[in-house]
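Pasting model14.cif here (mmCIF, C-alpha atoms):
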```
data_my_file
#
loop_
_atom_site.label_atom_id
_atom_site.label_comp_id
_atom_site.auth_asym_id
_atom_site.auth_seq_id
_atom_site.Cartn_x
_atom_site.Cartn_y
_atom_site.Cartn_z
CA MET A 103 138.72 152.16 102.74
CA GLN A 104 135.39 151.81 104.50
CA ARG A 105 134.32 149.31 101.86
CA TYR A 106 137.35 147.09 102.55
CA PHE A 107 136.74 147.38 106.28
CA PHE A 108 133.12 146.28 105.83
CA ILE A 109 134.13 143.31 103.67
CA GLY A 110 136.75 142.27 106.21
CA SER A 111 134.27 142.53 109.06
CA LEU A 112 131.76 140.44 107.11
CA LEU A 113 134.33 137.72 106.44
CA LEU A 114 135.34 137.63 110.09
CA THR A 115 131.69 137.38 111.11
CA LEU A 116 131.06 134.49 108.71
CA SER A 117 134.21 132.75 109.93
CA ALA A 118 133.19 133.18 113.55
CA SER A 119 129.70 131.86 112.90
CA ALA A 120 131.16 128.64 111.44
CA GLN A 121 133.30 127.94 114.51
CA THR A 122 131.83 125.81 117.29
CA VAL A 123 133.49 125.27 120.67
CA VAL A 124 132.21 122.37 122.77
CA PRO A 125 133.47 122.46 126.38
CA THR A 126 131.71 119.35 127.75
CA VAL A 127 129.88 116.26 126.63
CA ARG A 128 126.66 117.79 127.99
CA GLU A 129 127.05 120.69 125.58
CA ALA A 130 127.63 118.21 122.75
CA LEU A 131 124.44 116.33 123.66
CA THR A 132 122.45 119.58 123.75
CA LEU A 133 123.74 120.62 120.31
CA ALA A 134 122.97 117.18 118.88
CA ARG A 135 119.38 117.24 120.18
CA GLN A 136 118.85 120.71 118.72
CA ASN A 137 120.67 120.52 115.39
CA ASN A 138 121.03 116.88 114.38
CA PRO A 139 119.52 116.62 110.86
CA GLU A 140 117.70 113.37 111.63
CA LEU A 141 116.06 114.90 114.72
CA VAL A 142 115.20 118.07 112.80
CA ASN A 143 113.57 115.94 110.10
CA ALA A 144 111.70 113.94 112.75
CA ARG A 145 110.24 117.14 114.18
CA GLN A 146 109.25 118.25 110.69
CA ASN A 147 107.64 114.85 110.05
CA ARG A 148 105.62 115.31 113.27
CA MET A 149 104.16 118.52 111.87
CA VAL A 150 103.28 116.71 108.64
CA GLN A 151 101.61 113.83 110.48
CA GLU A 152 99.65 116.32 112.56
CA GLN A 153 97.59 117.11 109.46
CA GLN A 154 96.24 113.56 109.44
CA ARG A 155 94.27 114.43 112.57
CA ALA A 156 92.43 117.19 110.71
CA ALA A 157 91.70 114.79 107.84
CA VAL A 158 90.09 112.26 110.18
CA ARG A 159 88.12 114.91 112.05
CA ALA A 160 86.69 116.07 108.74
CA GLY A 161 84.87 112.74 108.48
CA LEU A 162 82.85 113.65 111.61
CA ARG A 163 81.86 117.10 110.40
CA PRO A 164 79.21 118.25 107.92
CA THR A 165 80.25 118.65 104.31
CA ALA A 166 78.77 120.93 101.68
CA ARG A 167 79.33 121.24 97.96
CA LEU A 168 78.10 123.11 94.91
CA PHE A 169 77.73 121.17 91.70
CA THR A 170 76.56 121.52 88.14
CA ASN A 171 75.99 118.93 85.40
CA PHE A 172 75.47 119.34 81.68
CA ASP A 173 74.00 116.30 79.89
CA TYR A 174 73.39 115.68 76.21
CA ASN A 175 70.96 112.82 75.72
CA TYR A 176 71.74 111.80 72.17
CA ALA A 177 69.31 108.86 72.43
CA LEU A 178 66.19 109.56 74.51
CA PRO A 179 64.06 106.74 75.88
CA VAL A 180 60.96 105.89 73.80
CA SER A 181 57.78 104.08 74.93
CA LEU A 182 54.90 102.64 72.91
CA VAL A 183 51.50 103.93 74.02
CA PRO A 184 48.12 102.75 72.65
CA ALA A 185 47.19 105.13 69.85
CA GLU A 186 43.57 105.39 71.01
CA PHE A 187 44.73 107.61 73.93
CA ALA A 188 45.97 110.11 71.34
CA GLY A 189 42.96 109.86 69.03
CA GLY A 190 44.28 107.01 66.93
CA GLN A 191 42.85 103.66 65.95
CA LYS A 192 42.30 100.98 68.50
CA GLY A 193 44.98 98.30 68.40
CA GLU A 194 47.60 100.61 67.10
CA PHE A 195 50.55 102.03 69.08
CA GLN A 196 52.21 105.38 68.93
CA GLU A 197 55.80 106.21 69.96
CA PHE A 198 56.32 108.75 72.73
CA ARG A 199 59.72 110.25 73.47
CA PHE A 200 60.37 111.26 77.11
CA GLY A 201 62.58 114.24 77.97
CA LEU A 202 64.63 116.69 75.96
CA PRO A 203 68.17 116.18 74.67
CA LEU A 204 69.87 119.00 76.62
CA PHE A 205 69.92 119.04 80.42
CA LEU A 206 71.61 121.60 82.71
CA THR A 207 71.53 121.02 86.48
CA ALA A 208 72.96 123.26 89.21
CA GLY A 209 72.57 122.74 92.91
CA ALA A 210 73.95 122.46 96.42
CA GLU A 211 74.27 119.44 98.71
CA VAL A 212 74.89 119.11 102.44
CA ASN A 213 75.72 115.91 104.37
CA ALA A 214 76.04 115.67 108.14
CA PRO A 215 77.05 112.45 109.96
CA LEU A 216 74.98 111.92 113.09
CA ILE A 217 76.13 108.51 114.29
CA ASN A 218 79.42 107.07 113.03
CA ARG A 219 81.27 105.05 115.64
CA PRO A 220 83.94 103.65 113.23
CA ALA A 221 84.92 107.21 112.26
CA ARG A 222 85.31 108.15 115.93
CA ALA A 223 87.45 105.06 116.39
CA ASP A 224 89.59 106.27 113.48
CA LEU A 225 90.18 109.49 115.39
CA GLY A 226 91.49 107.53 118.38
CA ILE A 227 93.73 105.47 116.10
CA THR A 228 95.10 108.66 114.54
CA GLU A 229 95.91 110.05 117.99
CA GLN A 230 97.73 106.81 118.78
CA TYR A 231 99.69 107.03 115.52
CA LEU A 232 100.82 110.53 116.56
CA ARG A 233 101.93 109.18 119.94
CA ILE A 234 103.91 106.50 118.10
CA VAL A 235 105.55 109.23 115.98
CA ASP A 236 106.50 111.05 119.19
CA ASP A 237 107.87 107.84 120.70
CA GLN A 238 109.87 107.13 117.56
CA ALA A 239 111.36 110.61 117.81
CA LEU A 240 112.38 109.88 121.43
CA VAL A 241 113.97 106.59 120.37
CA LEU A 242 115.87 108.41 117.64
CA GLN A 243 116.96 111.08 120.12
CA ASP A 244 118.20 108.40 122.51
CA ASP A 245 120.16 106.71 119.71
CA ILE A 246 121.66 110.01 118.54
CA SER A 247 122.60 110.95 122.12
CA THR A 248 124.29 107.59 122.66
CA GLN A 249 126.19 107.89 119.36
CA THR A 250 127.23 111.43 120.25
CA ALA A 251 128.54 110.32 123.65
CA ARG A 252 130.55 107.49 122.11
CA VAL A 253 131.98 109.54 119.23
CA TYR A 254 132.73 112.52 121.50
CA HIS A 255 134.79 110.41 123.89
CA ALA A 256 136.33 108.48 121.00
CA ALA A 257 137.59 111.83 119.69
CA LEU A 258 139.05 112.69 123.09
CA LEU A 259 140.59 109.22 123.29
CA THR A 260 142.29 109.43 119.88
CA ARG A 261 143.50 112.95 120.65
CA ALA A 262 145.08 111.71 123.89
CA ALA A 263 146.52 108.74 121.99
CA ILE A 264 148.11 111.16 119.50
CA GLN A 265 149.81 113.03 122.33
CA ILE A 266 151.18 109.82 123.86
CA THR A 267 152.26 108.43 120.48
CA ARG A 268 154.15 111.63 119.74
CA ARG A 269 156.06 111.18 122.98
CA ASN A 270 156.75 107.58 122.04
CA LEU A 271 157.96 108.68 118.62
CA SER A 272 160.24 111.23 120.25
CA VAL A 273 161.71 108.44 122.39
CA THR A 274 162.23 106.16 119.39
CA ASP A 275 163.85 109.05 117.48
CA THR A 276 166.31 109.48 120.34
CA LEU A 277 166.90 105.75 120.42
CA ALA A 278 167.54 105.68 116.67
CA GLN A 279 170.08 108.51 116.99
CA ILE A 280 171.93 106.63 119.72
CA ALA A 281 171.86 103.45 117.67
CA ARG A 282 173.17 105.26 114.61
CA GLN A 283 176.09 106.67 116.56
CA ARG A 284 176.91 103.21 117.91
CA LEU A 285 176.59 101.68 114.46
CA ASP A 286 179.02 104.23 113.05
CA LYS A 287 181.48 103.36 115.83
CA GLY A 288 181.03 99.64 115.21
CA LEU A 289 179.55 99.01 118.67
CA ILE A 290 176.38 97.34 117.40
CA GLU A 291 175.49 95.23 114.43
CA PRO A 292 173.31 96.52 111.55
CA LEU A 293 170.63 94.03 112.60
CA GLU A 294 170.11 95.83 115.92
CA TYR A 295 170.00 99.22 114.21
CA ASN A 296 167.45 97.94 111.68
CA ARG A 297 165.24 96.63 114.44
CA ILE A 298 165.32 100.02 116.16
CA ARG A 299 164.45 101.70 112.89
CA GLN A 300 161.54 99.30 112.47
CA VAL A 301 160.16 100.33 115.87
CA GLN A 302 160.63 103.97 114.91
CA LEU A 303 158.75 103.53 111.64
CA SER A 304 156.00 101.48 113.27
CA THR A 305 155.51 104.19 115.92
CA ALA A 306 155.31 106.85 113.22
CA ASP A 307 152.70 104.76 111.39
CA VAL A 308 150.66 104.39 114.61
CA LEU A 309 150.75 108.17 114.95
CA TYR A 310 149.41 108.59 111.42
CA GLN A 311 146.66 106.06 112.10
CA ASN A 312 145.67 107.86 115.31
CA GLU A 313 145.56 111.17 113.44
CA LEU A 314 143.34 109.57 110.78
CA ASN A 315 141.01 108.13 113.44
CA TYR A 316 140.85 111.50 115.16
CA THR A 317 139.87 113.18 111.90
CA ARG A 318 137.20 110.56 111.29
CA ASN A 319 135.81 110.93 114.79
CA MET A 320 135.66 114.70 114.48
CA ASN A 321 133.92 114.49 111.10
CA GLN A 322 131.42 112.02 112.51
CA LEU A 323 130.84 114.28 115.50
CA LYS A 324 130.23 117.24 113.19
CA LEU A 325 127.63 115.19 111.36
CA LEU A 326 125.88 114.29 114.62
CA LEU A 327 125.92 117.92 115.78
CA GLY A 328 124.45 119.16 112.52
CA LEU A 329 127.61 120.96 111.40
CA ALA A 330 128.98 121.15 107.88
CA PRO A 331 132.25 119.29 107.16
CA THR A 332 133.95 122.66 106.53
CA ASP A 333 132.87 124.08 109.91
CA SER A 334 135.41 124.38 112.70
CA LEU A 335 134.79 122.22 115.78
CA THR A 336 136.93 122.51 118.91
CA LEU A 337 136.73 120.21 121.94
CA THR A 338 138.19 121.91 125.00
CA GLU A 339 137.67 119.02 127.41
CA GLU A 340 140.47 116.60 128.22
CA LEU A 341 140.20 112.99 129.27
CA SER A 342 140.54 113.35 133.02
CA ALA A 343 141.47 110.83 135.63
CA GLN A 344 139.27 112.54 138.23
CA VAL A 345 136.65 109.81 138.32
CA VAL A 346 134.64 108.77 141.35
CA GLY A 347 135.36 105.42 142.85
CA PRO A 348 132.90 102.53 142.76
CA SER A 349 131.64 103.29 146.27
CA GLU A 350 130.76 106.82 145.24
CA THR A 351 128.78 106.02 142.12
CA SER A 352 125.08 106.77 142.37
CA PHE A 353 123.59 104.85 139.47
CA PRO A 354 120.38 103.13 140.62
CA ALA A 355 119.31 99.66 139.58
CA ALA A 356 117.85 99.17 136.12
CA THR A 357 114.38 98.62 137.56
CA THR A 358 114.38 102.13 139.10
CA LEU A 359 115.60 103.97 136.01
CA PRO A 360 113.09 105.91 133.90
CA GLN A 361 111.47 103.73 131.28
CA ARG A 362 113.43 103.53 128.06
CA PRO A 363 111.78 105.14 125.00
CA GLN A 364 112.18 101.85 123.11
CA ILE A 365 109.83 100.20 125.63
CA THR A 366 107.38 103.12 125.47
CA LEU A 367 107.30 102.76 121.69
CA ARG A 368 106.47 99.05 121.96
CA GLU A 369 103.71 99.81 124.48
CA SER A 370 102.24 102.37 122.09
CA ARG A 371 102.17 99.78 119.33
CA VAL A 372 100.39 97.32 121.62
CA GLU A 373 97.77 99.97 122.37
CA LEU A 374 97.43 100.70 118.63
CA ALA A 375 96.72 97.03 117.94
CA ARG A 376 94.00 97.05 120.61
CA LEU A 377 92.42 100.15 119.12
CA GLN A 378 92.43 98.55 115.67
CA ILE A 379 90.67 95.47 117.07
CA GLU A 380 88.02 97.69 118.64
CA ARG A 381 87.56 99.56 115.36
CA GLU A 382 86.94 96.33 113.46
CA ARG A 383 84.27 95.45 116.01
CA LEU A 384 82.65 98.87 115.57
CA MET A 385 82.50 98.32 111.80
CA ARG A 386 79.40 96.22 112.53
CA SER A 387 77.67 99.22 114.11
CA PRO A 388 75.03 101.12 112.11
CA THR A 389 75.64 104.67 110.89
CA LEU A 390 73.16 107.50 110.55
CA SER A 391 73.58 110.69 108.55
CA ALA A 392 71.41 113.60 107.45
CA TYR A 393 71.47 115.07 103.99
CA GLY A 394 69.86 117.87 102.02
CA ARG A 395 69.95 118.70 98.32
CA PHE A 396 68.60 121.62 96.31
CA THR A 397 68.86 121.75 92.51
CA GLU A 398 67.69 123.87 89.63
CA GLN A 399 67.20 122.01 86.35
CA ALA A 400 66.57 123.15 82.80
CA GLN A 401 65.65 121.01 79.77
CA ARG A 402 66.11 122.38 76.25
CA ASN A 403 66.05 121.37 72.62
CA ARG A 404 68.69 124.01 71.84
CA LEU A 405 71.54 125.69 73.70
CA ASN A 406 69.53 128.61 75.07
CA PHE A 407 69.85 128.09 78.81
CA LEU A 408 70.32 131.85 79.32
CA ASN A 409 66.93 132.68 77.83
CA PRO A 410 64.91 134.21 80.72
CA ASN A 411 61.63 133.24 79.09
CA GLU A 412 62.36 129.53 79.42
CA ARG A 413 61.48 127.82 82.68
CA TRP A 414 63.80 126.27 85.24
CA PHE A 415 62.50 123.53 87.51
CA THR A 416 63.33 123.31 91.23
CA ILE A 417 64.06 120.04 93.02
CA GLY A 418 64.63 119.91 96.80
CA VAL A 419 65.09 116.93 99.07
CA ALA A 420 66.11 116.37 102.70
CA GLY A 421 66.29 113.17 104.68
CA LEU A 422 68.15 110.65 106.82
CA GLN A 423 70.29 107.77 105.65
CA PHE A 424 70.62 104.68 107.85
CA ASN A 425 73.26 102.04 107.05
CA TRP A 426 73.70 98.77 108.89
CA PRO A 427 76.35 96.47 107.40
CA ILE A 428 75.24 92.86 107.65
CA TYR A 429 77.72 90.86 105.61
CA SER A 430 80.98 91.95 103.97
CA GLY A 431 82.06 88.70 102.34
CA GLY A 432 84.18 87.72 105.37
CA LEU A 433 86.35 90.84 105.17
CA ARG A 434 85.61 92.04 108.71
CA ALA A 435 86.28 88.62 110.21
CA SER A 436 89.59 88.43 108.35
CA ASN A 437 90.61 91.92 109.49
CA LEU A 438 89.67 91.10 113.07
CA THR A 439 91.75 87.91 113.03
CA ARG A 440 94.69 89.79 111.51
CA ASN A 441 94.52 92.52 114.17
CA ARG A 442 94.41 89.96 116.97
CA LEU A 443 97.54 88.31 115.59
CA GLN A 444 99.19 91.73 115.36
CA LEU A 445 98.30 92.35 119.01
CA LYS A 446 99.97 89.09 120.06
CA LEU A 447 103.04 89.98 118.01
CA ALA A 448 103.20 93.48 119.54
CA GLU A 449 102.92 92.02 123.07
CA ALA A 450 105.71 89.54 122.34
CA GLU A 451 107.93 92.31 120.96
CA LEU A 452 107.21 94.41 124.06
CA ALA A 453 108.24 91.59 126.41
CA TYR A 454 111.44 91.00 124.43
CA GLU A 455 112.26 94.72 124.34
CA ARG A 456 111.90 95.00 128.11
CA ASN A 457 114.35 92.15 128.64
CA ARG A 458 116.73 93.50 125.99
CA GLN A 459 116.81 97.01 127.43
CA GLN A 460 117.31 95.77 130.99
CA THR A 461 120.15 93.50 129.83
CA ASP A 462 121.74 96.34 127.88
CA THR A 463 121.50 98.80 130.77
CA ASP A 464 122.90 96.22 133.19
CA ASP A 465 125.79 95.62 130.80
CA VAL A 466 126.53 99.35 130.54
CA ARG A 467 126.43 99.71 134.33
CA ASN A 468 128.64 96.68 134.90
CA SER A 469 131.11 97.92 132.28
CA HIS A 470 131.19 101.34 133.94
CA ASN A 471 131.74 99.92 137.42
CA GLN A 472 134.45 97.57 136.13
CA ALA A 473 136.20 100.45 134.34
CA VAL A 474 136.04 102.59 137.49
CA ARG A 475 137.55 99.79 139.56
CA SER A 476 140.30 99.16 137.01
CA LEU A 477 141.06 102.79 136.28
CA ASP A 478 143.27 103.49 139.28
CA LEU A 479 145.22 100.29 138.72
CA ASN A 480 145.72 101.08 135.04
CA ARG A 481 146.71 104.66 135.87
CA GLN A 482 149.40 103.46 138.27
CA ASN A 483 150.54 100.89 135.72
CA PHE A 484 150.70 103.60 133.06
CA GLU A 485 152.74 105.93 135.27
CA LEU A 486 155.14 103.14 136.25
CA SER A 487 155.58 102.02 132.65
CA SER A 488 156.30 105.61 131.58
CA GLN A 489 159.01 105.80 134.25
CA ASN A 490 160.34 102.40 133.24
CA VAL A 491 160.78 103.33 129.60
CA GLN A 492 162.74 106.43 130.60
CA ILE A 493 164.94 104.35 132.90
CA ALA A 494 165.41 101.74 130.20
CA LEU A 495 166.41 104.45 127.72
CA VAL A 496 169.03 105.78 130.14
CA LYS A 497 170.38 102.28 130.71
CA TYR A 498 170.46 101.56 126.99
CA ARG A 499 172.27 104.83 126.37
CA SER A 500 174.86 103.95 129.02
CA GLY A 501 175.25 100.42 127.67
CA LEU A 502 173.77 98.67 130.72
CA PHE A 503 170.74 97.40 128.75
CA ALA A 504 170.69 95.34 125.62
CA TYR A 505 168.23 96.36 122.96
CA ASP A 506 165.99 93.34 123.58
CA GLN A 507 165.70 94.35 127.22
CA TYR A 508 164.73 97.90 126.25
CA LEU A 509 162.27 96.58 123.65
CA ASN A 510 160.50 94.46 126.26
CA VAL A 511 160.06 97.50 128.51
CA PHE A 512 158.87 99.60 125.54
CA ASN A 513 156.26 96.99 124.52
CA GLU A 514 155.03 96.77 128.11
CA THR A 515 154.65 100.55 128.07
CA LEU A 516 152.58 100.46 124.88
CA THR A 517 150.28 97.84 126.40
CA ALA A 518 149.86 99.89 129.58
CA GLN A 519 149.16 103.05 127.60
CA ASN A 520 146.47 101.43 125.48
CA ARG A 521 144.85 99.77 128.46
CA TYR A 522 144.80 103.01 130.44
CA LEU A 523 143.29 105.08 127.62
CA THR A 524 140.69 102.42 126.84
CA THR A 525 139.67 102.10 130.50
CA LEU A 526 139.50 105.88 130.92
CA SER A 527 137.34 106.20 127.81
CA ASN A 528 135.02 103.40 128.97
CA VAL A 529 134.49 105.16 132.28
CA PHE A 530 133.33 108.35 130.59
CA ILE A 531 131.36 106.72 127.77
CA ASN A 532 129.39 104.34 129.98
CA GLY A 533 128.93 106.98 132.67
CA THR A 534 127.52 109.41 130.14
CA ILE A 535 125.19 106.77 128.70
CA LEU A 536 123.86 106.01 132.18
CA GLN A 537 123.29 109.73 132.72
CA ILE A 538 121.38 109.88 129.43
CA ARG A 539 119.20 107.03 130.61
CA GLY A 540 118.42 108.84 133.83
CA GLY A 541 121.00 107.29 136.11
CA LEU A 542 122.15 110.63 137.49
#
```
Written as structure tokens, how would this file's structure read?
Amino acid sequence: MQRYFFIGSLLLTLSASAQTVVPTVREALTLARQNNPELVNARQNRMVQEQQRAAVRAGLRPTARLFTNFDYNYALPVSLVPAEFAGGQKGEFQEFRFGLPLFLTAGAEVNAPLINRPARADLGITEQYLRIVDDQALVLQDDISTQTARVYHAALLTRAAIQITRRNLSVTDTLAQIARQRLDKGLIEPLEYNRIRQVQLSTADVLYQNELNYTRNMNQLKLLLGLAPTDSLTLTEELSAQVVGPSETSFPAATTLPQRPQITLRESRVELARLQIERERLMRSPTLSAYGRFTEQAQRNRLNFLNPNERWFTIGVAGLQFNWPIYSGGLRASNLTRNRLQLKLAEAELAYERNRQQTDTDDVRNSHNQAVRSLDLNRQNFELSSQNVQIALVKYRSGLFAYDQYLNVFNETLTAQNRYLTTLSNVFINGTILQIRGGL
């Protein structure tokens, strides 16, 4: 019994852990910034790119290595020496072989850069690359937040549309029942009944489409929040009409909003181009490094390097190495020209991005203010149209309204419903986007 109780408790725990309740759009944005797979991968990529800094710093630090070489000289160099130096006849030459066929060398080497301005410039470029990675992550976060706000409110919109469409379907069902009774009594023609049935079927199809859109929006929202498709997601917020009027909005002008991450990213790329130009100029600077090398070398005719009676020879050297590049075949000049062109391109992209972001923010603000101004009018229109369709249904039931008259009122109601829901959604979507951009 205890075993079954434990298994049941475990299943309930796993089920509860897979259920997510989101009460507000702010909570949805927080979850997206924490759990969105793209943002998680961006943070992981930042940790990977961080290692590039250590790689560049290594070029400014001393290096040391141990090495060993084994050489077999199968053809040793030979020189002709006058034979008289070896007791031979004058005018004759004798061959002398230099070295032994087997060489074994073991040693240690240390190098330390003393002056290397291009390498220090590389360190600054690496730091700038990391700033660009950070800026790209902020741009991605801004895009994900904007998508989350749109999909979140789209889900609320389609859910509200489902509720309204169900009421409309209920009305058309009632209308079809009335029409059927009248058709059976011979009060209306089959044509009128068929038209009513068409409206009923069309309304049912709209309901199915809204349910499909709601499912798609919820699945997309799960993806943005880092949830699995099988996880449960519940939105407790409702599209509310409690929206501040245009005189109460507190969104500042675009010029006073915090700078958009897209602009910061372009500025970082401009700075990177400048650093790359400076590095190409520093490539003409001389470099100075210190080095030291110690080796032990043995020369043998046979493989007997472990024989303690045979000698090993010591070689040690220490010094400075000075390099001053004079001519590189035009490579530096070409790289410098290329980097200058890249700087001009980056500056042009920065200017365009500033204008684009200001235009986009102005458009979002104007859309929000327009939706706020229109919301109250659309709400009143929606309420009046809902009353009108009920009145028209009563009149049609009592025979005071022809079907065409009722259909006109019903179509006006559908238009008012769609306009109201769209306006209400625009208010919340654009308001949330402005809040993301620092408007509130």
What is the atom CA of A:Asn510-atom CA of A:Leu289 distance in Å, reported with one decimal?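 Between these atoms lies a distance of 21.0 Å.
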Shell around A:Thr416 at 7 Å using all atoms listed in the file, local window under 3 positions removed, as a list in words: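 Counting all atoms listed in the file, the residues come to Thr397, Glu398 and Gln399 of chain A.
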Skip A:Tyr231 itself and residues of its chain fewer than 3 positions away, then list as a CSV table (one decimal) with C-alpha atoms, in the frame of the given file all residues within 9 Å of it, counting only C-alpha atoms.
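Saved result, around_5.csv, follows:
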```
chain,number,residue,atom,x,y,z
A,151,GLN,CA,101.6,113.8,110.5
A,226,GLY,CA,91.5,107.5,118.4
A,227,ILE,CA,93.7,105.5,116.1
A,228,THR,CA,95.1,108.7,114.5
A,234,ILE,CA,103.9,106.5,118.1
A,235,VAL,CA,105.6,109.2,116.0
A,236,ASP,CA,106.5,111.0,119.2
A,370,SER,CA,102.2,102.4,122.1
A,371,ARG,CA,102.2,99.8,119.3
A,374,LEU,CA,97.4,100.7,118.6
```
Residue contacts of A:Asn137 (12 Å, all atoms listed in the file) excluding same-chain residues fewer than 6 positions away, as a list of chain:residue names: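 My list of contacting residues is A:Ala130, A:Leu131, A:Asn143, A:Ala144, A:Arg145, A:Gln243, A:Ile246, A:Ser247, A:Leu323, A:Lys324, A:Leu325, A:Leu326, A:Leu327, A:Gly328, A:Leu329, A:Ala330.
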Applying 10 Å and all atoms listed in the file, which residues near A:Glu514 remain after dropping the ones on its own chain fewer than 2 positions away? List them as number ranges by chain. A: 483-484, 487-488, 490-491, 508-512, 516-519
Answer key for the PyMOL selection byres ((chain A and resi 401) around 8), residues as a list of chain:residue names: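 Applied to this file, the PyMOL selection byres ((chain A and resi 401) around 8) selects A:Gly201, A:Leu202, A:Pro203, A:Leu204, A:Phe205, A:Leu206, A:Gln399, A:Ala400, A:Arg402, A:Asn403, A:Trp414.
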Determine the nearest neighbour of A:Ile417 from the options A:Thr132, A:Pro179, A:Tyr505, A:Gly209, counting all atoms listed in the file. A:Gly209
Could all heavy atoms be built for stretch 461-466 of chain A and written out as a short mmCIF file (atom, residue, chain, number, x, y, z; two decimals), in the coordinates of the input?
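New file result35.cif:
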```cif
data_model
loop_
_atom_site.label_atom_id
_atom_site.label_comp_id
_atom_site.auth_asym_id
_atom_site.auth_seq_id
_atom_site.Cartn_x
_atom_site.Cartn_y
_atom_site.Cartn_z
N THR A 461 118.85 94.14 130.00
CA THR A 461 120.15 93.50 129.83
C THR A 461 121.20 94.50 129.36
O THR A 461 122.34 94.51 129.84
CB THR A 461 120.03 92.34 128.84
OG1 THR A 461 119.08 91.38 129.32
CG2 THR A 461 121.37 91.65 128.64
N ASP A 462 120.81 95.35 128.41
CA ASP A 462 121.74 96.34 127.88
C ASP A 462 122.15 97.35 128.95
O ASP A 462 123.33 97.69 129.08
CB ASP A 462 121.10 97.06 126.69
CG ASP A 462 122.04 98.09 126.07
OD1 ASP A 462 123.06 97.70 125.49
OD2 ASP A 462 121.75 99.30 126.19
N THR A 463 121.17 97.83 129.72
CA THR A 463 121.50 98.80 130.77
C THR A 463 122.37 98.17 131.85
O THR A 463 123.31 98.79 132.35
CB THR A 463 120.21 99.36 131.39
OG1 THR A 463 119.43 99.99 130.36
CG2 THR A 463 120.52 100.39 132.46
N ASP A 464 122.06 96.91 132.21
CA ASP A 464 122.90 96.22 133.19
C ASP A 464 124.32 96.07 132.68
O ASP A 464 125.30 96.22 133.44
CB ASP A 464 122.32 94.84 133.51
CG ASP A 464 121.05 94.92 134.35
OD1 ASP A 464 120.82 95.99 134.96
OD2 ASP A 464 120.29 93.94 134.37
N ASP A 465 124.46 95.77 131.38
CA ASP A 465 125.79 95.62 130.80
C ASP A 465 126.56 96.94 130.82
O ASP A 465 127.76 96.96 131.14
CB ASP A 465 125.67 95.10 129.36
CG ASP A 465 127.03 94.90 128.72
OD1 ASP A 465 127.76 93.99 129.14
OD2 ASP A 465 127.35 95.66 127.79
N VAL A 466 125.87 98.05 130.50
CA VAL A 466 126.53 99.35 130.54
C VAL A 466 126.96 99.69 131.96
O VAL A 466 128.08 100.18 132.20
CB VAL A 466 125.59 100.44 129.98
CG1 VAL A 466 126.18 101.83 130.19
CG2 VAL A 466 125.33 100.21 128.49
#
```
